[in-house]
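**Q** Here's a structure for you.
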Amino acid sequence: MAEAIVQVHNVTKIYKRDKLEIPVLQNITIDVPEGEFLALMGPSGSGKTTLLNLIAGIDRPNSGSIVIAGTDISTLRESALAKWRSRHVGFVFQFYNLLPVLTAYENVELPLLLTHLSKKEKREHVEMVLNVVGLSDRMKHYPKQLSGGQEQRVAIARAIVTDPTIIVADEPTGDLDKKSADEILLLMERLNTEFKKTIVMVTHDPRAAEKAHKVRHLEKGDLLEN
Amino acid sequence: MHVLKLVTKNLLRHKLRTFLTILGLAFAVFAFGFLRTIVTAWYYGVEASSTSRLITRHAVSFIYPLPLSYRDQIEKIPGITSVSYAYWFQGVYKDNSFDNFFPRFAIDAETFLEIYPEYVVPYEQLEIFKKERNSCVVGKKIMEKYGWKLGDVIPIEGDIFPGRWDFVIRGVYQGRDKTADETQMFFQWSYLEEQLKQRTPYRSGQVGWYAIKIANANDAAAISENVDALFINSSAKTKTETEKAFQQSFVSLSSAILTSLEVISYVIIGIILLVLANTIIMSARERIREYAVLKTLGFTSGHIIGLVAGESLIIAAIGGCLGIAFTFPMAAAVAASFPTMFPVFSVDLSTIVLAMTFSLLVGVLAAIFPAVRAARIKIVDGLRQIG
């Protein structure tokens with residue numbers, strides 16, 4: 001078995017709303033081996049998106065440790081965590097979250113602005129990933145000129161352009177019709193099998209979960225045994 | 001693509017809003033610059049004053065004359081290199097309208113223009129002026145305004161000195177410096193004296209004030225005291241002060257208006273701040289989700305602050321530049337319309353620097369609250385915002 005690239009140990013997350021404490025995750029432990037395609041499922045409010053956010057380093061646990069590719073991200077300071085995210089995480093959102101004022105090319109190029117790559121190298125990277133997601137002919141299109149499926153493919157291109165350690169996807173097919181959802185799932189599967197990307201995906205959709213190697217269920221903040 | 005390009009693209013997201021904000025800023029900066037130019041124009045006489053010149057006038061008021069005989073006594077005081085004198089003539093040219101007003105002085109033809117080298121008269125013209133009793137020298141601006149030529153006669157109806165006075169233009173002076181007033185008319189004091197002896201003999205032998213050139217500006221206070229001490233027991237006591245203080249005393253008559261103008265100009269800066277802050281706060285609030293996405297991608301709080309502040313600064317800079325640009329043609333129009341009221345009316349470098357500094361400062365201040373708010377927002381909270 002491959003070494004766990006994501007190690008979540010005894011993680012607890014509690015949200016505070018005024019004086020009210022809402023436990024979202026309780027003592028969660030999960031390992032994700034390198035090259036894995038993991039689907040996290042569960043009803044609304046089960047804590048799956050929170051767990052995904054913690055793995056992606058965009059939220060912090062109240063206790064426990066999260067080690068990704070050897071780095072305990074729960075101990076990193078804010079600026080170090082931002083730098084770590086730019087290098088190691090590719091995030092795919094349910095609602096794509098492309099910047100409407102930028103073209104497909106420019107949206108994909110965004111994460112590369114934080115690197116020291118030359119202009120030529122950036123162009124090569126962007127063109128390559130847009131080719132991978134099948135949107136070479138849509139580079140100059142703005143998000144509003146693209147369909148939902150195409151927007152999500154641009155978002156996936158943006159997520160992989162830095163060649164991240166892991167890809168986290170929060171209901172990537174949740175806002176798409178069946179045909180587009182199938183295309184996105186196919187692309188995710190291809191990223192995992194062809195490009196050996198480790199993927200952690202949150203989904204409600206059983207068809208999406210079928211594409212994953214492994215499915216884990218959360219309920220009321222607890223990770224259920226398989 | 002650079003981050004600056006993202007700032008620019010954000011600026012163009014709501015073109016009308018950005019355009020109106022820039023326009024609002026431009027008009028506010030224009031109003032600020034224009035008011036400052038008026039205040040500066042008012043002070044031009046003070047700014048143009050020499051530190052090595054003193055003015056001696058009647059201690060009670062400027063309107064009372066001094067005896068000509070004081071001149072010889074003043075000249076003997078150590079530190080004084082030359083003494084001249086002048087007399088405010090006033091009079092009416094054409095009619096009493098303000099448009100036809102320009103300052104008219106009787107001066108000592110031999111010495112006055114030597115003490116005031118900023119009024120440059122061609123040598124040949126000056127020599128003729130000195131020799132011809134009823135001649136005069138006029139500033140270039142009024143020469144052009146009235147279309148006069150050398151040799152023309154300027155008829156003036158006297159008021160302080162009643163009667164008709166005809167002056168022949170024998171010279172035209174130009175300002176050596178930008179601040180020199182080119183709207184005055186100088187004629188020979190000796191001509192005035194000659195006429196007064198015939199018309200009102202009891203008013204002869206008097207001057208309006210003495211202009212004193214001193215060797216060292218640092219001695220101004222001591223020499224002023226020495227001059228006034230000479231006449232302390234005379235019926236016409238004197239008050240001697242630097243030319244700057246003398247000019248300042250005229251400006252101080254309008255100090256309430258000038259202070260109001262200055263206050264208004266700073267109030268305008270406050271209004272600009274509110275206008276821009278409102279725009280930037282709106283823009284930043286609309287983009288909270290996008291800032292959260294950028295942070296997810298690895299952009300730091302510093303980047304987010306840069307995006308918000310960059311947008312604010314660009315709007316402020318463009319608005320500031322446009323506002324300053326608007327000020328120039330307006331200043332030129334005022335200078336052309338009121339040449340005698342504002343002999344020097346131009347946009348000062350200090351006004352440009354001040355307007356631009358305030359514009360950029362407003363750009364920074366307007367961005368502080370929305371930038372810090374956008375930078376502090378937690379990613380998970382930002383992603384929940386509906387864009």
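Order determines the names: the first chain of the structure tokens is A, the second B, and so forth; residues in each chain are numbered 1 upward, and ligands are numbered 1 upward as they are shown.
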Residues of range 46-129 of chain B classed as alpha helix (DSSP H) by DSSP on the backbone are to be reported as a ChimeraX atom specification.
**A** /B:46-48,70-75,112-115,123-129
**Q** Pick out the residues sitting within 12 Å of Thr259 in chain B, and hand them over as a PyMOL selection string; count only C-alpha atoms, and ignore anything fewer than 4 positions along from it in its own chain.
**A** chain B and resi 35-36+38-40+42+251-255+263-266
**Q** Could you pull out the strand (DSSP E or B) residues of range 193-331 of chain B, going by DSSP on the backbone, and write them as a list of chain:residue names?
**A** B:Gln206, B:Val207, B:Trp209, B:Tyr210, B:Ala211, B:Ile212, B:Lys213, B:Ile214, B:Thr238, B:Lys239, B:Thr240, B:Glu241, B:Thr242
**Q** Can you spit out the residues from that selection as a JSON list (two decimals), in the first residue's frame, using all heavy atoms?
**A**
[["chain", "number", "residue", "atom", "x", "y", "z"],
["B", 206, "GLN", "N", 5.45, 116.28, -0.61],
["B", 206, "GLN", "CA", 5.06, 115.07, 0.15],
["B", 206, "GLN", "C", 5.19, 113.81, -0.71],
["B", 206, "GLN", "O", 5.10, 113.88, -1.94],
["B", 206, "GLN", "CB", 3.61, 115.21, 0.62],
["B", 206, "GLN", "CG", 3.40, 116.35, 1.61],
["B", 206, "GLN", "CD", 1.94, 116.52, 1.98],
["B", 206, "GLN", "OE1", 1.05, 116.23, 1.19],
["B", 206, "GLN", "NE2", 1.71, 117.03, 3.17],
["B", 207, "VAL", "N", 5.40, 112.73, -0.01],
["B", 207, "VAL", "CA", 5.43, 111.42, -0.70],
["B", 207, "VAL", "C", 4.52, 110.46, 0.06],
["B", 207, "VAL", "O", 4.19, 110.69, 1.24],
["B", 207, "VAL", "CB", 6.87, 110.84, -0.77],
["B", 207, "VAL", "CG1", 7.82, 111.79, -1.47],
["B", 207, "VAL", "CG2", 7.39, 110.48, 0.63],
["B", 209, "TRP", "N", 5.17, 107.00, 0.54],
["B", 209, "TRP", "CA", 6.01, 106.13, 1.36],
["B", 209, "TRP", "C", 7.41, 106.10, 0.80],
["B", 209, "TRP", "O", 7.64, 106.50, -0.35],
["B", 209, "TRP", "CB", 5.42, 104.71, 1.45],
["B", 209, "TRP", "CG", 5.44, 103.95, 0.14],
["B", 209, "TRP", "CD1", 6.41, 103.14, -0.34],
["B", 209, "TRP", "CD2", 4.43, 103.97, -0.88],
["B", 209, "TRP", "NE1", 6.08, 102.64, -1.56],
["B", 209, "TRP", "CE2", 4.85, 103.12, -1.93],
["B", 209, "TRP", "CE3", 3.18, 104.61, -0.99],
["B", 209, "TRP", "CZ2", 4.10, 102.93, -3.08],
["B", 209, "TRP", "CZ3", 2.44, 104.41, -2.14],
["B", 209, "TRP", "CH2", 2.90, 103.57, -3.17],
["B", 210, "TYR", "N", 8.32, 105.64, 1.62],
["B", 210, "TYR", "CA", 9.71, 105.49, 1.18],
["B", 210, "TYR", "C", 10.00, 104.01, 0.98],
["B", 210, "TYR", "O", 9.59, 103.17, 1.80],
["B", 210, "TYR", "CB", 10.68, 106.06, 2.22],
["B", 210, "TYR", "CG", 10.64, 107.57, 2.27],
["B", 210, "TYR", "CD1", 9.88, 108.24, 3.22],
["B", 210, "TYR", "CD2", 11.35, 108.32, 1.35],
["B", 210, "TYR", "CE1", 9.83, 109.62, 3.25],
["B", 210, "TYR", "CE2", 11.31, 109.71, 1.37],
["B", 210, "TYR", "CZ", 10.54, 110.35, 2.32],
["B", 210, "TYR", "OH", 10.48, 111.72, 2.33],
["B", 211, "ALA", "N", 10.69, 103.72, -0.10],
["B", 211, "ALA", "CA", 11.19, 102.37, -0.35],
["B", 211, "ALA", "C", 12.69, 102.39, -0.08],
["B", 211, "ALA", "O", 13.41, 103.20, -0.67],
["B", 211, "ALA", "CB", 10.91, 101.95, -1.78],
["B", 212, "ILE", "N", 13.13, 101.54, 0.83],
["B", 212, "ILE", "CA", 14.52, 101.59, 1.28],
["B", 212, "ILE", "C", 15.21, 100.27, 0.94],
["B", 212, "ILE", "O", 14.71, 99.19, 1.26],
["B", 212, "ILE", "CB", 14.58, 101.81, 2.81],
["B", 212, "ILE", "CG1", 13.88, 103.12, 3.17],
["B", 212, "ILE", "CG2", 16.01, 101.78, 3.31],
["B", 212, "ILE", "CD1", 13.62, 103.29, 4.65],
["B", 213, "LYS", "N", 16.36, 100.41, 0.31],
["B", 213, "LYS", "CA", 17.15, 99.21, -0.01],
["B", 213, "LYS", "C", 18.23, 99.08, 1.06],
["B", 213, "LYS", "O", 18.93, 100.06, 1.34],
["B", 213, "LYS", "CB", 17.79, 99.38, -1.40],
["B", 213, "LYS", "CG", 18.70, 98.28, -1.81],
["B", 213, "LYS", "CD", 17.99, 97.30, -2.69],
["B", 213, "LYS", "CE", 18.98, 96.29, -3.23],
["B", 213, "LYS", "NZ", 18.53, 94.93, -2.99],
["B", 214, "ILE", "N", 18.34, 97.91, 1.66],
["B", 214, "ILE", "CA", 19.36, 97.74, 2.70],
["B", 214, "ILE", "C", 20.41, 96.73, 2.23],
["B", 214, "ILE", "O", 20.14, 95.88, 1.38],
["B", 214, "ILE", "CB", 18.74, 97.28, 4.04],
["B", 214, "ILE", "CG1", 17.96, 95.97, 3.88],
["B", 214, "ILE", "CG2", 17.85, 98.37, 4.61],
["B", 214, "ILE", "CD1", 17.42, 95.41, 5.20],
["B", 238, "THR", "N", 6.75, 107.81, 11.80],
["B", 238, "THR", "CA", 6.81, 106.79, 10.73],
["B", 238, "THR", "C", 6.67, 105.38, 11.28],
["B", 238, "THR", "O", 6.89, 105.14, 12.47],
["B", 238, "THR", "CB", 8.16, 106.87, 9.98],
["B", 238, "THR", "OG1", 9.21, 106.64, 10.93],
["B", 238, "THR", "CG2", 8.33, 108.20, 9.30],
["B", 239, "LYS", "N", 6.31, 104.49, 10.39],
["B", 239, "LYS", "CA", 6.34, 103.06, 10.71],
["B", 239, "LYS", "C", 7.12, 102.38, 9.60],
["B", 239, "LYS", "O", 6.74, 102.44, 8.42],
["B", 239, "LYS", "CB", 4.92, 102.48, 10.79],
["B", 239, "LYS", "CG", 4.95, 101.00, 11.14],
["B", 239, "LYS", "CD", 3.58, 100.40, 11.25],
["B", 239, "LYS", "CE", 3.70, 98.91, 11.58],
["B", 239, "LYS", "NZ", 2.40, 98.25, 11.61],
["B", 240, "THR", "N", 8.22, 101.76, 9.98],
["B", 240, "THR", "CA", 9.06, 101.09, 8.98],
["B", 240, "THR", "C", 8.98, 99.58, 9.20],
["B", 240, "THR", "O", 9.05, 99.11, 10.34],
["B", 240, "THR", "CB", 10.52, 101.57, 9.12],
["B", 240, "THR", "OG1", 10.53, 102.99, 9.00],
["B", 240, "THR", "CG2", 11.40, 100.95, 8.03],
["B", 241, "GLU", "N", 8.82, 98.87, 8.14],
["B", 241, "GLU", "CA", 8.74, 97.40, 8.21],
["B", 241, "GLU", "C", 9.25, 96.81, 6.91],
["B", 241, "GLU", "O", 9.45, 97.53, 5.92],
["B", 241, "GLU", "CB", 7.29, 96.97, 8.47],
["B", 241, "GLU", "CG", 6.32, 97.46, 7.41],
["B", 241, "GLU", "CD", 4.86, 97.37, 7.85],
["B", 241, "GLU", "OE1", 4.56, 96.67, 8.82],
["B", 241, "GLU", "OE2", 4.02, 98.02, 7.20],
["B", 242, "THR", "N", 9.44, 95.51, 6.95],
["B", 242, "THR", "CA", 9.92, 94.87, 5.72],
["B", 242, "THR", "C", 8.81, 94.95, 4.66],
["B", 242, "THR", "O", 7.62, 95.08, 5.01],
["B", 242, "THR", "CB", 10.25, 93.38, 5.95],
["B", 242, "THR", "OG1", 9.07, 92.74, 6.39],
["B", 242, "THR", "CG2", 11.36, 93.20, 6.95]]
**Q** Compile the contact shell of Gln184 in chain B as a list in words: residues with an atom at most 10 Å away, counting only C-alpha atoms, same-chain residues fewer than 5 positions apart removed.
**A**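 Answer for this query is Phe101, Phe102, Pro103, Arg104, Phe105, Val137, Val138, Gly139, Lys140, Lys141, Ile142, Met143, Tyr173, Thr340 and Pro343 of chain B.
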**Q** Compile the contact shell of range 80-82 of chain A as number ranges by chain: residues with an atom at most 8 Å away, counting only C-alpha atoms, same-chain residues fewer than 2 positions apart removed.
**A** A: 57, 73, 76-78, 84-86; B: 295-300
**Q** Using only C-alpha atoms and a cut-off of 9 Å, which residues of chain B sit close to chain A? Please list them as a JSON list (two decimals) with all heavy atoms, in the first residue's frame.
**A**
[["chain", "number", "residue", "atom", "x", "y", "z"],
["B", 1, "MET", "N", 0.20, 37.97, -17.35],
["B", 1, "MET", "CA", -0.66, 38.84, -16.54],
["B", 1, "MET", "C", 0.02, 39.16, -15.21],
["B", 1, "MET", "O", 0.69, 38.32, -14.62],
["B", 1, "MET", "CB", -2.00, 38.15, -16.27],
["B", 1, "MET", "CG", -2.99, 39.07, -15.58],
["B", 1, "MET", "SD", -4.55, 38.28, -15.20],
["B", 1, "MET", "CE", -4.10, 37.14, -13.93],
["B", 2, "HIS", "N", -0.12, 40.37, -14.78],
["B", 2, "HIS", "CA", 0.41, 40.77, -13.48],
["B", 2, "HIS", "C", -0.76, 41.12, -12.57],
["B", 2, "HIS", "O", -1.89, 41.29, -13.02],
["B", 2, "HIS", "CB", 1.33, 41.98, -13.65],
["B", 2, "HIS", "CG", 2.51, 41.68, -14.50],
["B", 2, "HIS", "ND1", 3.58, 40.95, -14.04],
["B", 2, "HIS", "CD2", 2.78, 42.00, -15.78],
["B", 2, "HIS", "CE1", 4.46, 40.84, -15.02],
["B", 2, "HIS", "NE2", 4.00, 41.47, -16.08],
["B", 3, "VAL", "N", -0.44, 41.25, -11.27],
["B", 3, "VAL", "CA", -1.48, 41.61, -10.31],
["B", 3, "VAL", "C", -2.09, 42.97, -10.68],
["B", 3, "VAL", "O", -3.28, 43.20, -10.53],
["B", 3, "VAL", "CB", -0.90, 41.62, -8.88],
["B", 3, "VAL", "CG1", -1.94, 42.11, -7.87],
["B", 3, "VAL", "CG2", -0.45, 40.21, -8.49],
["B", 6, "LEU", "N", -4.92, 42.70, -12.90],
["B", 6, "LEU", "CA", -6.15, 42.31, -12.20],
["B", 6, "LEU", "C", -6.80, 43.54, -11.57],
["B", 6, "LEU", "O", -8.02, 43.69, -11.61],
["B", 6, "LEU", "CB", -5.81, 41.26, -11.13],
["B", 6, "LEU", "CG", -6.97, 40.66, -10.35],
["B", 6, "LEU", "CD1", -8.02, 40.07, -11.29],
["B", 6, "LEU", "CD2", -6.47, 39.59, -9.39],
["B", 9, "LYS", "N", -8.44, 45.42, -14.34],
["B", 9, "LYS", "CA", -9.66, 44.76, -14.80],
["B", 9, "LYS", "C", -10.80, 44.97, -13.80],
["B", 9, "LYS", "O", -11.95, 45.13, -14.17],
["B", 9, "LYS", "CB", -9.40, 43.27, -15.01],
["B", 9, "LYS", "CG", -8.51, 43.01, -16.23],
["B", 9, "LYS", "CD", -8.85, 41.69, -16.88],
["B", 9, "LYS", "CE", -8.18, 41.60, -18.23],
["B", 9, "LYS", "NZ", -8.77, 40.55, -19.06],
["B", 10, "ASN", "N", -10.44, 44.94, -12.52],
["B", 10, "ASN", "CA", -11.46, 45.20, -11.49],
["B", 10, "ASN", "C", -12.01, 46.62, -11.61],
["B", 10, "ASN", "O", -13.20, 46.85, -11.41],
["B", 10, "ASN", "CB", -10.87, 45.00, -10.09],
["B", 10, "ASN", "CG", -10.87, 43.54, -9.67],
["B", 10, "ASN", "OD1", -11.69, 42.77, -10.16],
["B", 10, "ASN", "ND2", -9.97, 43.17, -8.80],
["B", 12, "LEU", "N", -12.41, 48.29, -14.23],
["B", 12, "LEU", "CA", -13.30, 48.41, -15.39],
["B", 12, "LEU", "C", -14.55, 47.53, -15.26],
["B", 12, "LEU", "O", -15.36, 47.45, -16.17],
["B", 12, "LEU", "CB", -12.54, 48.04, -16.67],
["B", 12, "LEU", "CG", -11.35, 48.97, -16.97],
["B", 12, "LEU", "CD1", -10.57, 48.45, -18.15],
["B", 12, "LEU", "CD2", -11.82, 50.39, -17.21],
["B", 13, "ARG", "N", -14.68, 46.88, -14.10],
["B", 13, "ARG", "CA", -15.82, 45.98, -13.91],
["B", 13, "ARG", "C", -17.15, 46.76, -13.95],
["B", 13, "ARG", "O", -18.09, 46.36, -14.59],
["B", 13, "ARG", "CB", -15.66, 45.25, -12.58],
["B", 13, "ARG", "CG", -16.62, 44.14, -12.40],
["B", 13, "ARG", "CD", -16.41, 43.48, -11.06],
["B", 13, "ARG", "NE", -15.11, 42.82, -10.96],
["B", 13, "ARG", "CZ", -14.91, 41.71, -10.27],
["B", 13, "ARG", "NH1", -15.91, 41.13, -9.65],
["B", 13, "ARG", "NH2", -13.72, 41.18, -10.18],
["B", 289, "ARG", "N", -16.16, 37.18, -1.84],
["B", 289, "ARG", "CA", -16.04, 35.77, -2.26],
["B", 289, "ARG", "C", -14.80, 35.57, -3.15],
["B", 289, "ARG", "O", -14.08, 34.59, -3.01],
["B", 289, "ARG", "CB", -17.32, 35.37, -3.00],
["B", 289, "ARG", "CG", -17.41, 33.89, -3.28],
["B", 289, "ARG", "CD", -18.64, 33.61, -4.11],
["B", 289, "ARG", "NE", -18.70, 32.22, -4.50],
["B", 289, "ARG", "CZ", -19.42, 31.30, -3.88],
["B", 289, "ARG", "NH1", -20.15, 31.62, -2.84],
["B", 289, "ARG", "NH2", -19.42, 30.05, -4.30],
["B", 290, "GLU", "N", -14.59, 36.55, -4.05],
["B", 290, "GLU", "CA", -13.42, 36.43, -4.94],
["B", 290, "GLU", "C", -12.12, 36.53, -4.16],
["B", 290, "GLU", "O", -11.14, 35.83, -4.47],
["B", 290, "GLU", "CB", -13.47, 37.54, -6.00],
["B", 290, "GLU", "CG", -14.57, 37.30, -7.02],
["B", 290, "GLU", "CD", -14.69, 38.44, -8.01],
["B", 290, "GLU", "OE1", -13.71, 39.16, -8.22],
["B", 290, "GLU", "OE2", -15.80, 38.60, -8.56],
["B", 293, "VAL", "N", -11.51, 33.26, -2.71],
["B", 293, "VAL", "CA", -11.00, 32.32, -3.72],
["B", 293, "VAL", "C", -9.50, 32.57, -3.94],
["B", 293, "VAL", "O", -8.71, 31.62, -3.99],
["B", 293, "VAL", "CB", -11.78, 32.50, -5.06],
["B", 293, "VAL", "CG1", -11.11, 31.71, -6.18],
["B", 293, "VAL", "CG2", -13.22, 32.05, -4.89],
["B", 294, "LEU", "N", -9.14, 33.85, -4.05],
["B", 294, "LEU", "CA", -7.72, 34.17, -4.24],
["B", 294, "LEU", "C", -6.88, 33.66, -3.07],
["B", 294, "LEU", "O", -5.79, 33.12, -3.26],
["B", 294, "LEU", "CB", -7.54, 35.69, -4.40],
["B", 294, "LEU", "CG", -8.03, 36.28, -5.73],
["B", 294, "LEU", "CD1", -8.00, 37.80, -5.70],
["B", 294, "LEU", "CD2", -7.18, 35.76, -6.90],
["B", 295, "LYS", "N", -7.42, 33.82, -1.86],
["B", 295, "LYS", "CA", -6.69, 33.32, -0.70],
["B", 295, "LYS", "C", -6.56, 31.80, -0.74],
["B", 295, "LYS", "O", -5.53, 31.24, -0.38],
["B", 295, "LYS", "CB", -7.40, 33.75, 0.59],
["B", 295, "LYS", "CG", -7.12, 35.19, 0.99],
["B", 295, "LYS", "CD", -7.89, 35.54, 2.24],
["B", 295, "LYS", "CE", -7.01, 36.19, 3.27],
["B", 295, "LYS", "NZ", -7.72, 36.46, 4.52],
["B", 296, "THR", "N", -7.61, 31.14, -1.21],
["B", 296, "THR", "CA", -7.56, 29.68, -1.36],
["B", 296, "THR", "C", -6.43, 29.29, -2.30],
["B", 296, "THR", "O", -5.73, 28.30, -2.09],
["B", 296, "THR", "CB", -8.90, 29.15, -1.91],
["B", 296, "THR", "OG1", -9.94, 29.59, -1.07],
["B", 296, "THR", "CG2", -8.91, 27.64, -1.98],
["B", 297, "LEU", "N", -6.26, 30.10, -3.34],
["B", 297, "LEU", "CA", -5.22, 29.79, -4.33],
["B", 297, "LEU", "C", -3.82, 30.09, -3.80],
["B", 297, "LEU", "O", -2.83, 29.77, -4.45],
["B", 297, "LEU", "CB", -5.44, 30.62, -5.60],
["B", 297, "LEU", "CG", -6.73, 30.35, -6.38],
["B", 297, "LEU", "CD1", -6.81, 31.26, -7.60],
["B", 297, "LEU", "CD2", -6.82, 28.90, -6.81],
["B", 298, "GLY", "N", -3.75, 30.75, -2.63],
["B", 298, "GLY", "CA", -2.43, 31.01, -2.04],
["B", 298, "GLY", "C", -2.08, 32.49, -1.96],
["B", 298, "GLY", "O", -1.00, 32.85, -1.49],
["B", 299, "PHE", "N", -2.97, 33.34, -2.44],
["B", 299, "PHE", "CA", -2.70, 34.78, -2.30],
["B", 299, "PHE", "C", -2.79, 35.15, -0.82],
["B", 299, "PHE", "O", -3.66, 34.64, -0.11],
["B", 299, "PHE", "CB", -3.71, 35.60, -3.12],
["B", 299, "PHE", "CG", -3.44, 35.57, -4.60],
["B", 299, "PHE", "CD1", -3.82, 34.46, -5.37],
["B", 299, "PHE", "CD2", -2.78, 36.61, -5.23],
["B", 299, "PHE", "CE1", -3.55, 34.41, -6.73],
["B", 299, "PHE", "CE2", -2.52, 36.56, -6.60],
["B", 299, "PHE", "CZ", -2.91, 35.46, -7.35],
["B", 300, "THR", "N", -1.89, 36.01, -0.39],
["B", 300, "THR", "CA", -1.85, 36.37, 1.04],
["B", 300, "THR", "C", -2.74, 37.59, 1.32],
["B", 300, "THR", "O", -3.24, 38.24, 0.39],
["B", 300, "THR", "CB", -0.42, 36.73, 1.45],
["B", 300, "THR", "OG1", 0.00, 37.86, 0.67],
["B", 300, "THR", "CG2", 0.55, 35.58, 1.22],
["B", 301, "SER", "N", -2.88, 37.89, 2.60],
["B", 301, "SER", "CA", -3.64, 39.09, 3.00],
["B", 301, "SER", "C", -2.99, 40.33, 2.39],
["B", 301, "SER", "O", -3.69, 41.28, 2.01],
["B", 301, "SER", "CB", -3.66, 39.21, 4.52],
["B", 301, "SER", "OG", -4.34, 38.11, 5.06],
["B", 378, "LYS", "N", -12.16, 35.33, 6.92],
["B", 378, "LYS", "CA", -11.73, 33.92, 6.86],
["B", 378, "LYS", "C", -12.20, 33.33, 5.53],
["B", 378, "LYS", "O", -13.29, 33.66, 5.06],
["B", 378, "LYS", "CB", -12.37, 33.14, 8.01],
["B", 378, "LYS", "CG", -11.78, 33.48, 9.35],
["B", 378, "LYS", "CD", -12.44, 32.62, 10.42],
["B", 378, "LYS", "CE", -11.82, 32.90, 11.77],
["B", 378, "LYS", "NZ", -12.56, 32.23, 12.84],
["B", 379, "ILE", "N", -11.37, 32.47, 4.96],
["B", 379, "ILE", "CA", -11.68, 31.92, 3.64],
["B", 379, "ILE", "C", -13.05, 31.23, 3.64],
["B", 379, "ILE", "O", -13.88, 31.47, 2.77],
["B", 379, "ILE", "CB", -10.59, 30.93, 3.18],
["B", 379, "ILE", "CG1", -9.26, 31.67, 3.01],
["B", 379, "ILE", "CG2", -10.99, 30.26, 1.88],
["B", 379, "ILE", "CD1", -8.09, 30.76, 2.69],
["B", 380, "VAL", "N", -13.27, 30.42, 4.67],
["B", 380, "VAL", "CA", -14.53, 29.66, 4.69],
["B", 380, "VAL", "C", -15.74, 30.60, 4.79],
["B", 380, "VAL", "O", -16.80, 30.33, 4.21],
["B", 380, "VAL", "CB", -14.56, 28.61, 5.83],
["B", 380, "VAL", "CG1", -13.68, 27.44, 5.49],
["B", 380, "VAL", "CG2", -14.16, 29.22, 7.16],
["B", 383, "LEU", "N", -16.12, 32.33, 1.27],
["B", 383, "LEU", "CA", -16.67, 31.45, 0.23],
["B", 383, "LEU", "C", -18.18, 31.27, 0.38],
["B", 383, "LEU", "O", -18.87, 30.95, -0.58],
["B", 383, "LEU", "CB", -15.99, 30.07, 0.29],
["B", 383, "LEU", "CG", -14.53, 30.04, -0.16],
["B", 383, "LEU", "CD1", -13.91, 28.66, 0.08],
["B", 383, "LEU", "CD2", -14.39, 30.43, -1.62]]
**Q** Extract, using only C-alpha atoms, all DNA, RNA and protein residues at most 7 Å from Ile288 in chain B, discarding same-chain residues fewer than 6 positions from it, and format them as a CSV table (one decimal) with N, CA and C atoms, in the first residue's frame.
**A**
chain,number,residue,atom,x,y,z
B,374,ALA,N,-11.3,43.1,4.0
B,374,ALA,CA,-11.2,42.0,3.0
B,374,ALA,C,-10.0,41.1,3.3
B,382,GLY,N,-15.7,33.8,3.7
B,382,GLY,CA,-15.8,34.5,2.4
B,382,GLY,C,-16.4,33.6,1.3
B,385,GLN,N,-20.1,33.7,1.1
B,385,GLN,CA,-20.8,35.0,0.6
B,385,GLN,C,-21.4,34.8,-0.8
**Q** For Leu68 in chain B, which residue among B:Ala86, B:Leu23, B:Ile272, B:Ala109 is the nearest when counting only C-alpha atoms?
**A**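 Closest residue, counting only C-alpha atoms: B:Ala86.
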**Q** Using only C-alpha atoms, pick whichever of B:Phe186, B:Tyr123, B:Tyr291, B:Phe30 has the shortest atom-to-atom distance to Leu354 in chain B.
**A**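 Closest to Leu354 in chain B of all the choices is B:Phe30.
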